[in-house]
$ cat coords.pdb   # PDB, C-alpha atoms
MODEL        1
ATOM      1  CA  GLY T   1      -0.861  19.709  -3.090  1.00  0.00           C
ATOM      2  CA  ALA T   2       1.720  19.929  -0.290  1.00  0.00           C
ATOM      3  CA  VAL T   3       3.183  16.456  -0.658  1.00  0.00           C
ATOM      4  CA  VAL T   4       6.391  15.473   1.079  1.00  0.00           C
ATOM      5  CA  SER T   5       8.244  12.272   0.288  1.00  0.00           C
ATOM      6  CA  GLN T   6      11.009  10.426   2.078  1.00  0.00           C
ATOM      7  CA  HIS T   7      13.456   7.881   0.798  1.00  0.00           C
ATOM      8  CA  PRO T   8      14.076   5.192   1.762  1.00  0.00           C
ATOM      9  CA  SER T   9      11.014   4.142   3.690  1.00  0.00           C
ATOM     10  CA  TRP T  10      12.879   1.270   5.351  1.00  0.00           C
ATOM     11  CA  VAL T  11      16.569   0.721   5.941  1.00  0.00           C
ATOM     12  CA  ILE T  12      18.441  -1.975   7.816  1.00  0.00           C
ATOM     13  CA  CYS T  13      22.154  -1.485   8.298  1.00  0.00           C
ATOM     14  CA  LYS T  14      25.075  -2.826  10.262  1.00  0.00           C
ATOM     15  CA  SER T  15      26.418  -0.984  13.263  1.00  0.00           C
ATOM     16  CA  GLY T  16      29.095   1.519  12.288  1.00  0.00           C
ATOM     17  CA  THR T  17      27.771   2.324   8.839  1.00  0.00           C
ATOM     18  CA  SER T  18      26.274   5.628   7.746  1.00  0.00           C
ATOM     19  CA  VAL T  19      22.755   6.016   6.433  1.00  0.00           C
ATOM     20  CA  LYS T  20      21.371   8.882   4.366  1.00  0.00           C
ATOM     21  CA  ILE T  21      17.680   9.746   4.393  1.00  0.00           C
ATOM     22  CA  GLU T  22      16.182  12.112   1.845  1.00  0.00           C
ATOM     23  CA  CYS T  23      13.229  14.413   2.353  1.00  0.00           C
ATOM     24  CA  ARG T  24      11.647  16.083  -0.668  1.00  0.00           C
ATOM     25  CA  SER T  25       8.831  18.565  -1.052  1.00  0.00           C
ATOM     26  CA  LEU T  26       7.238  17.462  -4.307  1.00  0.00           C
ATOM     27  CA  ASP T  27       4.936  20.299  -5.247  1.00  0.00           C
ATOM     28  CA  PHE T  28       6.167  23.292  -3.315  1.00  0.00           C
ATOM     29  CA  GLN T  29       9.411  24.925  -2.339  1.00  0.00           C
ATOM     30  CA  ALA T  30      10.458  24.762   1.271  1.00  0.00           C
ATOM     31  CA  THR T  31      13.156  27.011   2.654  1.00  0.00           C
ATOM     32  CA  THR T  32      12.682  25.315   5.989  1.00  0.00           C
ATOM     33  CA  MET T  33      12.433  21.622   6.732  1.00  0.00           C
ATOM     34  CA  PHE T  34      12.377  19.824  10.043  1.00  0.00           C
ATOM     35  CA  TRP T  35      13.640  16.439  11.174  1.00  0.00           C
ATOM     36  CA  TYR T  36      11.831  14.554  13.909  1.00  0.00           C
ATOM     37  CA  ARG T  37      12.482  11.222  15.561  1.00  0.00           C
ATOM     38  CA  GLN T  38       9.872   8.907  17.010  1.00  0.00           C
ATOM     39  CA  PHE T  39      10.751   6.012  19.302  1.00  0.00           C
ATOM     40  CA  PRO T  40       8.250   3.172  19.718  1.00  0.00           C
ATOM     41  CA  LYS T  41       5.127   4.213  21.601  1.00  0.00           C
ATOM     42  CA  GLN T  42       6.464   7.711  22.051  1.00  0.00           C
ATOM     43  CA  SER T  43       5.742  11.020  20.459  1.00  0.00           C
ATOM     44  CA  LEU T  44       7.721  12.837  17.826  1.00  0.00           C
ATOM     45  CA  MET T  45      10.656  14.835  19.065  1.00  0.00           C
ATOM     46  CA  LEU T  46      12.220  17.566  16.973  1.00  0.00           C
ATOM     47  CA  MET T  47      15.869  16.882  16.213  1.00  0.00           C
ATOM     48  CA  ALA T  48      16.794  19.842  14.056  1.00  0.00           C
ATOM     49  CA  THR T  49      15.558  22.616  11.818  1.00  0.00           C
ATOM     50  CA  SER T  50      17.045  22.639   8.349  1.00  0.00           C
ATOM     51  CA  ASN T  51      17.298  25.914   6.422  1.00  0.00           C
ATOM     52  CA  GLU T  52      18.128  26.026   2.754  1.00  0.00           C
ATOM     53  CA  GLY T  53      21.585  27.352   2.168  1.00  0.00           C
ATOM     54  CA  SER T  54      22.597  27.597   5.806  1.00  0.00           C
ATOM     55  CA  LYS T  55      23.535  25.418   8.740  1.00  0.00           C
ATOM     56  CA  ALA T  56      20.896  23.422  10.524  1.00  0.00           C
ATOM     57  CA  THR T  57      19.804  24.327  14.025  1.00  0.00           C
ATOM     58  CA  TYR T  58      19.901  21.379  16.392  1.00  0.00           C
ATOM     59  CA  GLU T  59      17.771  20.812  19.464  1.00  0.00           C
ATOM     60  CA  GLN T  60      19.446  20.408  22.796  1.00  0.00           C
ATOM     61  CA  GLY T  61      20.897  16.943  23.233  1.00  0.00           C
ATOM     62  CA  VAL T  62      21.094  16.126  19.523  1.00  0.00           C
ATOM     63  CA  GLU T  63      24.645  15.594  18.301  1.00  0.00           C
ATOM     64  CA  LYS T  64      25.235  17.593  15.139  1.00  0.00           C
ATOM     65  CA  ASP T  65      28.259  15.507  14.167  1.00  0.00           C
ATOM     66  CA  LYS T  66      26.187  12.363  14.493  1.00  0.00           C
ATOM     67  CA  PHE T  67      23.182  13.592  12.547  1.00  0.00           C
ATOM     68  CA  LEU T  68      24.401  15.551   9.547  1.00  0.00           C
ATOM     69  CA  ILE T  69      21.820  17.684   7.797  1.00  0.00           C
ATOM     70  CA  ASN T  70      22.182  19.195   4.359  1.00  0.00           C
ATOM     71  CA  HIS T  71      19.489  21.389   2.821  1.00  0.00           C
ATOM     72  CA  ALA T  72      21.061  22.024  -0.560  1.00  0.00           C
ATOM     73  CA  SER T  73      17.973  23.003  -2.518  1.00  0.00           C
ATOM     74  CA  LEU T  74      14.487  24.349  -1.948  1.00  0.00           C
ATOM     75  CA  THR T  75      12.987  20.889  -2.340  1.00  0.00           C
ATOM     76  CA  LEU T  76      15.523  18.566  -0.734  1.00  0.00           C
ATOM     77  CA  SER T  77      16.937  18.066   2.723  1.00  0.00           C
ATOM     78  CA  THR T  78      19.022  15.069   3.734  1.00  0.00           C
ATOM     79  CA  LEU T  79      19.748  13.568   7.124  1.00  0.00           C
ATOM     80  CA  THR T  80      22.811  11.350   7.438  1.00  0.00           C
ATOM     81  CA  VAL T  81      23.118   9.186  10.509  1.00  0.00           C
ATOM     82  CA  THR T  82      26.855   8.664  10.803  1.00  0.00           C
ATOM     83  CA  SER T  83      28.372   5.585  12.394  1.00  0.00           C
ATOM     84  CA  ALA T  84      24.941   4.284  13.259  1.00  0.00           C
ATOM     85  CA  HIS T  85      24.455   2.220  16.407  1.00  0.00           C
ATOM     86  CA  PRO T  86      21.500   0.122  17.563  1.00  0.00           C
ATOM     87  CA  GLU T  87      20.273   2.950  19.804  1.00  0.00           C
ATOM     88  CA  ASP T  88      19.810   5.066  16.655  1.00  0.00           C
ATOM     89  CA  SER T  89      17.118   2.656  15.495  1.00  0.00           C
ATOM     90  CA  SER T  90      13.993   4.735  15.247  1.00  0.00           C
ATOM     91  CA  PHE T  91      11.354   6.202  12.959  1.00  0.00           C
ATOM     92  CA  TYR T  92      12.642   9.393  11.369  1.00  0.00           C
ATOM     93  CA  ILE T  93      10.061  11.800   9.975  1.00  0.00           C
ATOM     94  CA  CYS T  94      10.729  15.017   8.107  1.00  0.00           C
ATOM     95  CA  SER T  95       8.424  17.918   7.505  1.00  0.00           C
ATOM     96  CA  ALA T  96       8.544  20.827   5.108  1.00  0.00           C
ATOM     97  CA  LEU T  97       7.173  24.265   5.784  1.00  0.00           C
ATOM     98  CA  GLN T  98       4.613  25.454   3.277  1.00  0.00           C
ATOM     99  CA  SER T  99       5.092  29.158   3.891  1.00  0.00           C
ATOM    100  CA  ARG T 100       1.864  30.426   2.414  1.00  0.00           C
ATOM    101  CA  GLN T 101      -0.180  28.143   4.658  1.00  0.00           C
ATOM    102  CA  GLU T 102       2.259  28.477   7.564  1.00  0.00           C
ATOM    103  CA  THR T 103       1.932  24.746   7.976  1.00  0.00           C
ATOM    104  CA  GLN T 104       4.391  21.873   8.182  1.00  0.00           C
ATOM    105  CA  TYR T 105       3.583  18.937   5.939  1.00  0.00           C
ATOM    106  CA  PHE T 106       5.053  15.641   7.014  1.00  0.00           C
ATOM    107  CA  GLY T 107       6.696  12.900   5.040  1.00  0.00           C
ATOM    108  CA  PRO T 108       5.738   9.239   5.441  1.00  0.00           C
ATOM    109  CA  GLY T 109       8.759   8.512   7.604  1.00  0.00           C
ATOM    110  CA  THR T 110      11.835   6.302   7.370  1.00  0.00           C
ATOM    111  CA  ARG T 111      12.193   3.327   9.661  1.00  0.00           C
ATOM    112  CA  LEU T 112      15.850   2.693  10.535  1.00  0.00           C
ATOM    113  CA  LEU T 113      17.010  -0.544  12.116  1.00  0.00           C
ATOM    114  CA  VAL T 114      20.651  -0.798  13.083  1.00  0.00           C
ATOM    115  CA  LEU T 115      21.882  -4.309  13.792  1.00  0.00           C
TER     116      LEU T 115
ATOM    117  CA  GLY D 116       7.951  24.959  29.244  1.00  0.00           C
ATOM    118  CA  GLU D 117       6.108  23.177  26.530  1.00  0.00           C
ATOM    119  CA  ASP D 118       4.150  20.091  27.356  1.00  0.00           C
ATOM    120  CA  VAL D 119       1.242  18.432  25.628  1.00  0.00           C
ATOM    121  CA  GLU D 120      -0.659  15.659  27.357  1.00  0.00           C
ATOM    122  CA  GLN D 121      -3.280  13.276  26.130  1.00  0.00           C
ATOM    123  CA  SER D 122      -4.698   9.950  27.176  1.00  0.00           C
ATOM    124  CA  LEU D 123      -3.131   6.862  25.647  1.00  0.00           C
ATOM    125  CA  PHE D 124      -6.109   4.864  24.512  1.00  0.00           C
ATOM    126  CA  LEU D 125      -9.749   5.199  23.469  1.00  0.00           C
ATOM    127  CA  SER D 126     -12.094   2.488  22.295  1.00  0.00           C
ATOM    128  CA  VAL D 127     -15.452   3.219  20.640  1.00  0.00           C
ATOM    129  CA  ARG D 128     -18.047   1.325  18.667  1.00  0.00           C
ATOM    130  CA  GLU D 129     -18.487   1.974  14.980  1.00  0.00           C
ATOM    131  CA  GLY D 130     -21.089   4.661  14.424  1.00  0.00           C
ATOM    132  CA  ASP D 131     -20.575   6.293  17.831  1.00  0.00           C
ATOM    133  CA  SER D 132     -18.808   9.597  18.372  1.00  0.00           C
ATOM    134  CA  SER D 133     -15.218   9.676  19.585  1.00  0.00           C
ATOM    135  CA  VAL D 134     -13.829  12.453  21.722  1.00  0.00           C
ATOM    136  CA  ILE D 135     -10.091  12.720  22.166  1.00  0.00           C
ATOM    137  CA  ASN D 136      -8.858  15.189  24.743  1.00  0.00           C
ATOM    138  CA  CYS D 137      -5.613  17.056  25.128  1.00  0.00           C
ATOM    139  CA  THR D 138      -4.133  19.608  27.485  1.00  0.00           C
ATOM    140  CA  TYR D 139      -1.192  21.862  26.828  1.00  0.00           C
ATOM    141  CA  THR D 140       0.852  24.126  29.045  1.00  0.00           C
ATOM    142  CA  ASP D 141       2.290  26.796  26.778  1.00  0.00           C
ATOM    143  CA  SER D 142      -0.099  29.737  26.896  1.00  0.00           C
ATOM    144  CA  SER D 143       1.754  31.381  24.015  1.00  0.00           C
ATOM    145  CA  SER D 144       0.695  28.623  21.641  1.00  0.00           C
ATOM    146  CA  THR D 145      -1.066  30.142  18.686  1.00  0.00           C
ATOM    147  CA  TYR D 146      -1.674  27.076  16.572  1.00  0.00           C
ATOM    148  CA  LEU D 147      -3.158  23.847  17.855  1.00  0.00           C
ATOM    149  CA  TYR D 148      -3.229  20.787  15.642  1.00  0.00           C
ATOM    150  CA  TRP D 149      -4.631  17.320  15.359  1.00  0.00           C
ATOM    151  CA  TYR D 150      -2.633  14.791  13.364  1.00  0.00           C
ATOM    152  CA  LYS D 151      -3.518  11.212  12.466  1.00  0.00           C
ATOM    153  CA  GLN D 152      -0.949   8.446  12.142  1.00  0.00           C
ATOM    154  CA  GLU D 153      -1.903   5.073  10.741  1.00  0.00           C
ATOM    155  CA  PRO D 154       0.287   2.034  11.498  1.00  0.00           C
ATOM    156  CA  GLY D 155       3.728   2.334   9.948  1.00  0.00           C
ATOM    157  CA  ALA D 156       2.837   5.598   8.234  1.00  0.00           C
ATOM    158  CA  GLY D 157       3.722   9.243   8.621  1.00  0.00           C
ATOM    159  CA  LEU D 158       1.535  11.997   9.946  1.00  0.00           C
ATOM    160  CA  GLN D 159      -1.555  13.337   8.285  1.00  0.00           C
ATOM    161  CA  LEU D 160      -2.704  16.807   9.293  1.00  0.00           C
ATOM    162  CA  LEU D 161      -6.395  16.481  10.100  1.00  0.00           C
ATOM    163  CA  THR D 162      -7.196  19.976  11.208  1.00  0.00           C
ATOM    164  CA  TYR D 163      -5.884  22.909  13.164  1.00  0.00           C
ATOM    165  CA  ILE D 164      -7.310  25.790  15.108  1.00  0.00           C
ATOM    166  CA  PHE D 165      -5.959  29.197  15.960  1.00  0.00           C
ATOM    167  CA  SER D 166      -5.800  30.115  19.626  1.00  0.00           C
ATOM    168  CA  ASN D 167      -8.291  32.949  19.114  1.00  0.00           C
ATOM    169  CA  MET D 168     -10.993  30.500  18.047  1.00  0.00           C
ATOM    170  CA  ASP D 169     -13.281  28.413  20.237  1.00  0.00           C
ATOM    171  CA  MET D 170     -14.465  25.880  17.723  1.00  0.00           C
ATOM    172  CA  LYS D 171     -13.804  24.624  14.242  1.00  0.00           C
ATOM    173  CA  GLN D 172     -15.879  22.120  12.320  1.00  0.00           C
ATOM    174  CA  ASP D 173     -14.776  20.222   9.254  1.00  0.00           C
ATOM    175  CA  GLN D 174     -17.178  17.528   8.053  1.00  0.00           C
ATOM    176  CA  ARG D 175     -17.122  14.803  10.742  1.00  0.00           C
ATOM    177  CA  LEU D 176     -14.465  16.563  12.788  1.00  0.00           C
ATOM    178  CA  THR D 177     -15.146  19.149  15.457  1.00  0.00           C
ATOM    179  CA  VAL D 178     -12.350  20.818  17.385  1.00  0.00           C
ATOM    180  CA  LEU D 179     -13.120  22.607  20.632  1.00  0.00           C
ATOM    181  CA  LEU D 180     -10.645  24.885  22.357  1.00  0.00           C
ATOM    182  CA  ASN D 181     -10.890  26.110  25.921  1.00  0.00           C
ATOM    183  CA  LYS D 182      -8.019  28.531  26.072  1.00  0.00           C
ATOM    184  CA  LYS D 183      -8.548  29.382  29.717  1.00  0.00           C
ATOM    185  CA  ASP D 184      -8.094  25.738  30.733  1.00  0.00           C
ATOM    186  CA  LYS D 185      -5.632  25.028  27.878  1.00  0.00           C
ATOM    187  CA  HIS D 186      -7.817  22.149  26.806  1.00  0.00           C
ATOM    188  CA  LEU D 187      -8.291  20.957  23.256  1.00  0.00           C
ATOM    189  CA  SER D 188     -10.595  18.214  22.059  1.00  0.00           C
ATOM    190  CA  LEU D 189     -11.273  16.436  18.811  1.00  0.00           C
ATOM    191  CA  ARG D 190     -14.695  14.956  18.208  1.00  0.00           C
ATOM    192  CA  ILE D 191     -15.164  12.480  15.383  1.00  0.00           C
ATOM    193  CA  ALA D 192     -18.796  11.941  14.508  1.00  0.00           C
ATOM    194  CA  ASP D 193     -20.030   8.594  13.180  1.00  0.00           C
ATOM    195  CA  THR D 194     -16.677   6.922  13.821  1.00  0.00           C
ATOM    196  CA  GLN D 195     -15.673   4.376  11.217  1.00  0.00           C
ATOM    197  CA  THR D 196     -13.189   1.478  11.333  1.00  0.00           C
ATOM    198  CA  GLY D 197     -10.972   3.493   9.000  1.00  0.00           C
ATOM    199  CA  ASP D 198     -10.633   6.062  11.764  1.00  0.00           C
ATOM    200  CA  SER D 199      -8.621   3.576  13.841  1.00  0.00           C
ATOM    201  CA  ALA D 200      -5.201   5.203  14.237  1.00  0.00           C
ATOM    202  CA  ILE D 201      -3.106   7.211  16.643  1.00  0.00           C
ATOM    203  CA  TYR D 202      -4.167  10.812  17.022  1.00  0.00           C
ATOM    204  CA  PHE D 203      -1.604  13.384  18.037  1.00  0.00           C
ATOM    205  CA  CYS D 204      -2.429  16.697  19.590  1.00  0.00           C
ATOM    206  CA  ALA D 205       0.230  19.312  18.862  1.00  0.00           C
ATOM    207  CA  GLU D 206       0.947  22.972  19.347  1.00  0.00           C
ATOM    208  CA  SER D 207       3.260  25.618  18.021  1.00  0.00           C
ATOM    209  CA  PHE D 208       3.884  29.285  18.625  1.00  0.00           C
ATOM    210  CA  ARG D 209       4.444  30.529  15.092  1.00  0.00           C
ATOM    211  CA  GLY D 210       2.551  28.025  13.028  1.00  0.00           C
ATOM    212  CA  GLY D 211       4.873  25.936  10.930  1.00  0.00           C
ATOM    213  CA  TYR D 212       7.807  28.326  11.275  1.00  0.00           C
ATOM    214  CA  GLN D 213       8.891  26.838  14.548  1.00  0.00           C
ATOM    215  CA  LYS D 214       8.901  23.401  15.997  1.00  0.00           C
ATOM    216  CA  VAL D 215       5.651  21.635  16.557  1.00  0.00           C
ATOM    217  CA  THR D 216       5.413  20.033  19.995  1.00  0.00           C
ATOM    218  CA  PHE D 217       3.477  16.810  20.032  1.00  0.00           C
ATOM    219  CA  GLY D 218       1.611  14.882  22.678  1.00  0.00           C
ATOM    220  CA  ILE D 219       2.274  11.190  23.070  1.00  0.00           C
ATOM    221  CA  GLY D 220      -0.703  10.245  20.944  1.00  0.00           C
ATOM    222  CA  THR D 221      -4.068   8.626  21.661  1.00  0.00           C
ATOM    223  CA  LYS D 222      -4.665   5.266  20.073  1.00  0.00           C
ATOM    224  CA  LEU D 223      -8.242   5.099  18.839  1.00  0.00           C
ATOM    225  CA  GLN D 224      -9.669   1.633  18.397  1.00  0.00           C
ATOM    226  CA  VAL D 225     -12.980   1.378  16.560  1.00  0.00           C
ATOM    227  CA  ILE D 226     -14.905  -1.794  17.242  1.00  0.00           C
ATOM    228  CA  PRO D 227     -17.119  -2.983  14.369  1.00  0.00           C
TER     229      PRO D 227
ENDMDL
END
$ encode --input "coords.pdb" --output "structure tokens"
Amino acid sequence: GAVVSQHPSWVICKSGTSVKIECRSLDFQATTMFWYRQFPKQSLMLMATSNEGSKATYEQGVEKDKFLINHASLTLSTLTVTSAHPEDSSFYICSALQSRQETQYFGPGTRLLVL
Amino acid sequence: GEDVEQSLFLSVREGDSSVINCTYTDSSSTYLYWYKQEPGAGLQLLTYIFSNMDMKQDQRLTVLLNKKDKHLSLRIADTQTGDSAIYFCAESFRGGYQKVTFGIGTKLQVIP
């Protein structure tokens, strides 16, 4: 149990386009999901906390208009990178909170390359 | 502030034990985690320990916590080539309810 999926796993796009990444909890409901970003040879940094039915909470330095988060259901959160630029190229990983275990389960990640 | 530090690289021979060390600064951390990340993949939760515990053992994995020194270690017994990966130490205050702060990761290389 406690499986989290992400789609797509890989995306290459042109500069200026928008990219949507989906995060799904497959076998549990998650009122809270988290979006992290990992640059090469660096650790994961939390970008935002996504709460079902309400606005996401962004970490300091993360532009909310650039990284749009929608948590429309108890099993799905989406991250849209708007007007992507090469510096947005990164590995984006989501996690979903399994409340009973008080544990975040992580998705496999989405690798974004902006040309 | 929150900070988690760990060494960048560890190389061991197959069959030996591996010990990966980590230090953290936030004394209010209540959950301490070890995650494994294989190349190009997401994170796999290996184990976690509550801050009121000293040790936790799970098959080949042993976690030791020295709360006074804010030092956490992960010992992998009988290390196998499949254990080659990056291991992240992480901490959080309220379990999964709040952000998990990660170290930079220790790359474990297992030599056959």
$ closest_residue --input "coords.pdb" --among "D:Glu153, D:Asp169, D:Glu206, D:Glu129" --to "Lys183 in chain D" --atoms "only C-alpha atoms"
D:Asp169
$ resolve_selection --input "coords.pdb" --expression "the PyMOL selection byres ((chain D) within 9 of (chain T))" --output "PyMOL selection string"
chain D and resi 155-160+203+209-220
$ resolve_selection --input "coords.pdb" --expression "the PyMOL selection byres ((chain T and resi 21) around 7)" --output "list in words"
His7, Pro8, Val19, Lys20, Glu22, Cys23, Thr78, Leu79 and Thr80 of chain T
$ residues_around --input "coords.pdb" --residues "Leu223 in chain D" --least-positions-apart "2" --cutoff "7 Å" --atoms "only C-alpha atoms" --output "ChimeraX atom specification"
/D:124-126,199-201,221,225
$ resolve_selection --input "coords.pdb" --expression "the PyMOL selection byres ((chain D and resi 179) around 12)" --output "PyMOL selection string"
chain D and resi 134-138+147-149+162-173+176-178+180-182+184-191
$ atom_distance --input "coords.pdb" --atom1 "CA of Lys55 in chain T" --atom2 "CA of Ile69 in chain T"
8.0 Å
$ closest_residue --input "coords.pdb" --among "T:Val11, T:Ala2, T:Leu68, T:Leu112" --to "Arg24 in chain T" --atoms "only C-alpha atoms"
T:Ala2
$ residues_near_point --input "coords.pdb" --point "(-19.4, 7.1, 16.6)" --cutoff "8 Å" --atoms "all atoms listed in the file" --output "compact mmCIF listing (two decimals) with C-alpha atoms, in the coordinates of the input"
# COMPACT_ATOMS: atom_id res chain seq x y z
CA VAL D 127 -15.45 3.22 20.64
CA ARG D 128 -18.05 1.32 18.67
CA GLU D 129 -18.49 1.97 14.98
CA GLY D 130 -21.09 4.66 14.42
CA ASP D 131 -20.58 6.29 17.83
CA SER D 132 -18.81 9.60 18.37
CA SER D 133 -15.22 9.68 19.58
CA ILE D 191 -15.16 12.48 15.38
CA ALA D 192 -18.80 11.94 14.51
CA ASP D 193 -20.03 8.59 13.18
CA THR D 194 -16.68 6.92 13.82
CA GLN D 195 -15.67 4.38 11.22
$ atom_distance --input "coords.pdb" --atom1 "CA of Asp118 in chain D" --atom2 "CA of Thr145 in chain D"
14.3 Å
$ atom_distance --input "coords.pdb" --atom1 "CA of Arg100 in chain T" --atom2 "CA of Gln174 in chain D"
23.7 Å
$ residues_around --input "coords.pdb" --residues "Thr82 in chain T" --least-positions-apart "5" --cutoff "12 Å" --atoms "only C-alpha atoms" --output "VMD selection string"
chain T and resid 13 to 21 63 to 69 88 114
$ closest_residue --input "coords.pdb" --among "D:Tyr146, D:Gln152, D:Leu161, D:Arg175" --to "Ser207 in chain D" --atoms "all atoms listed in the file"
D:Tyr146
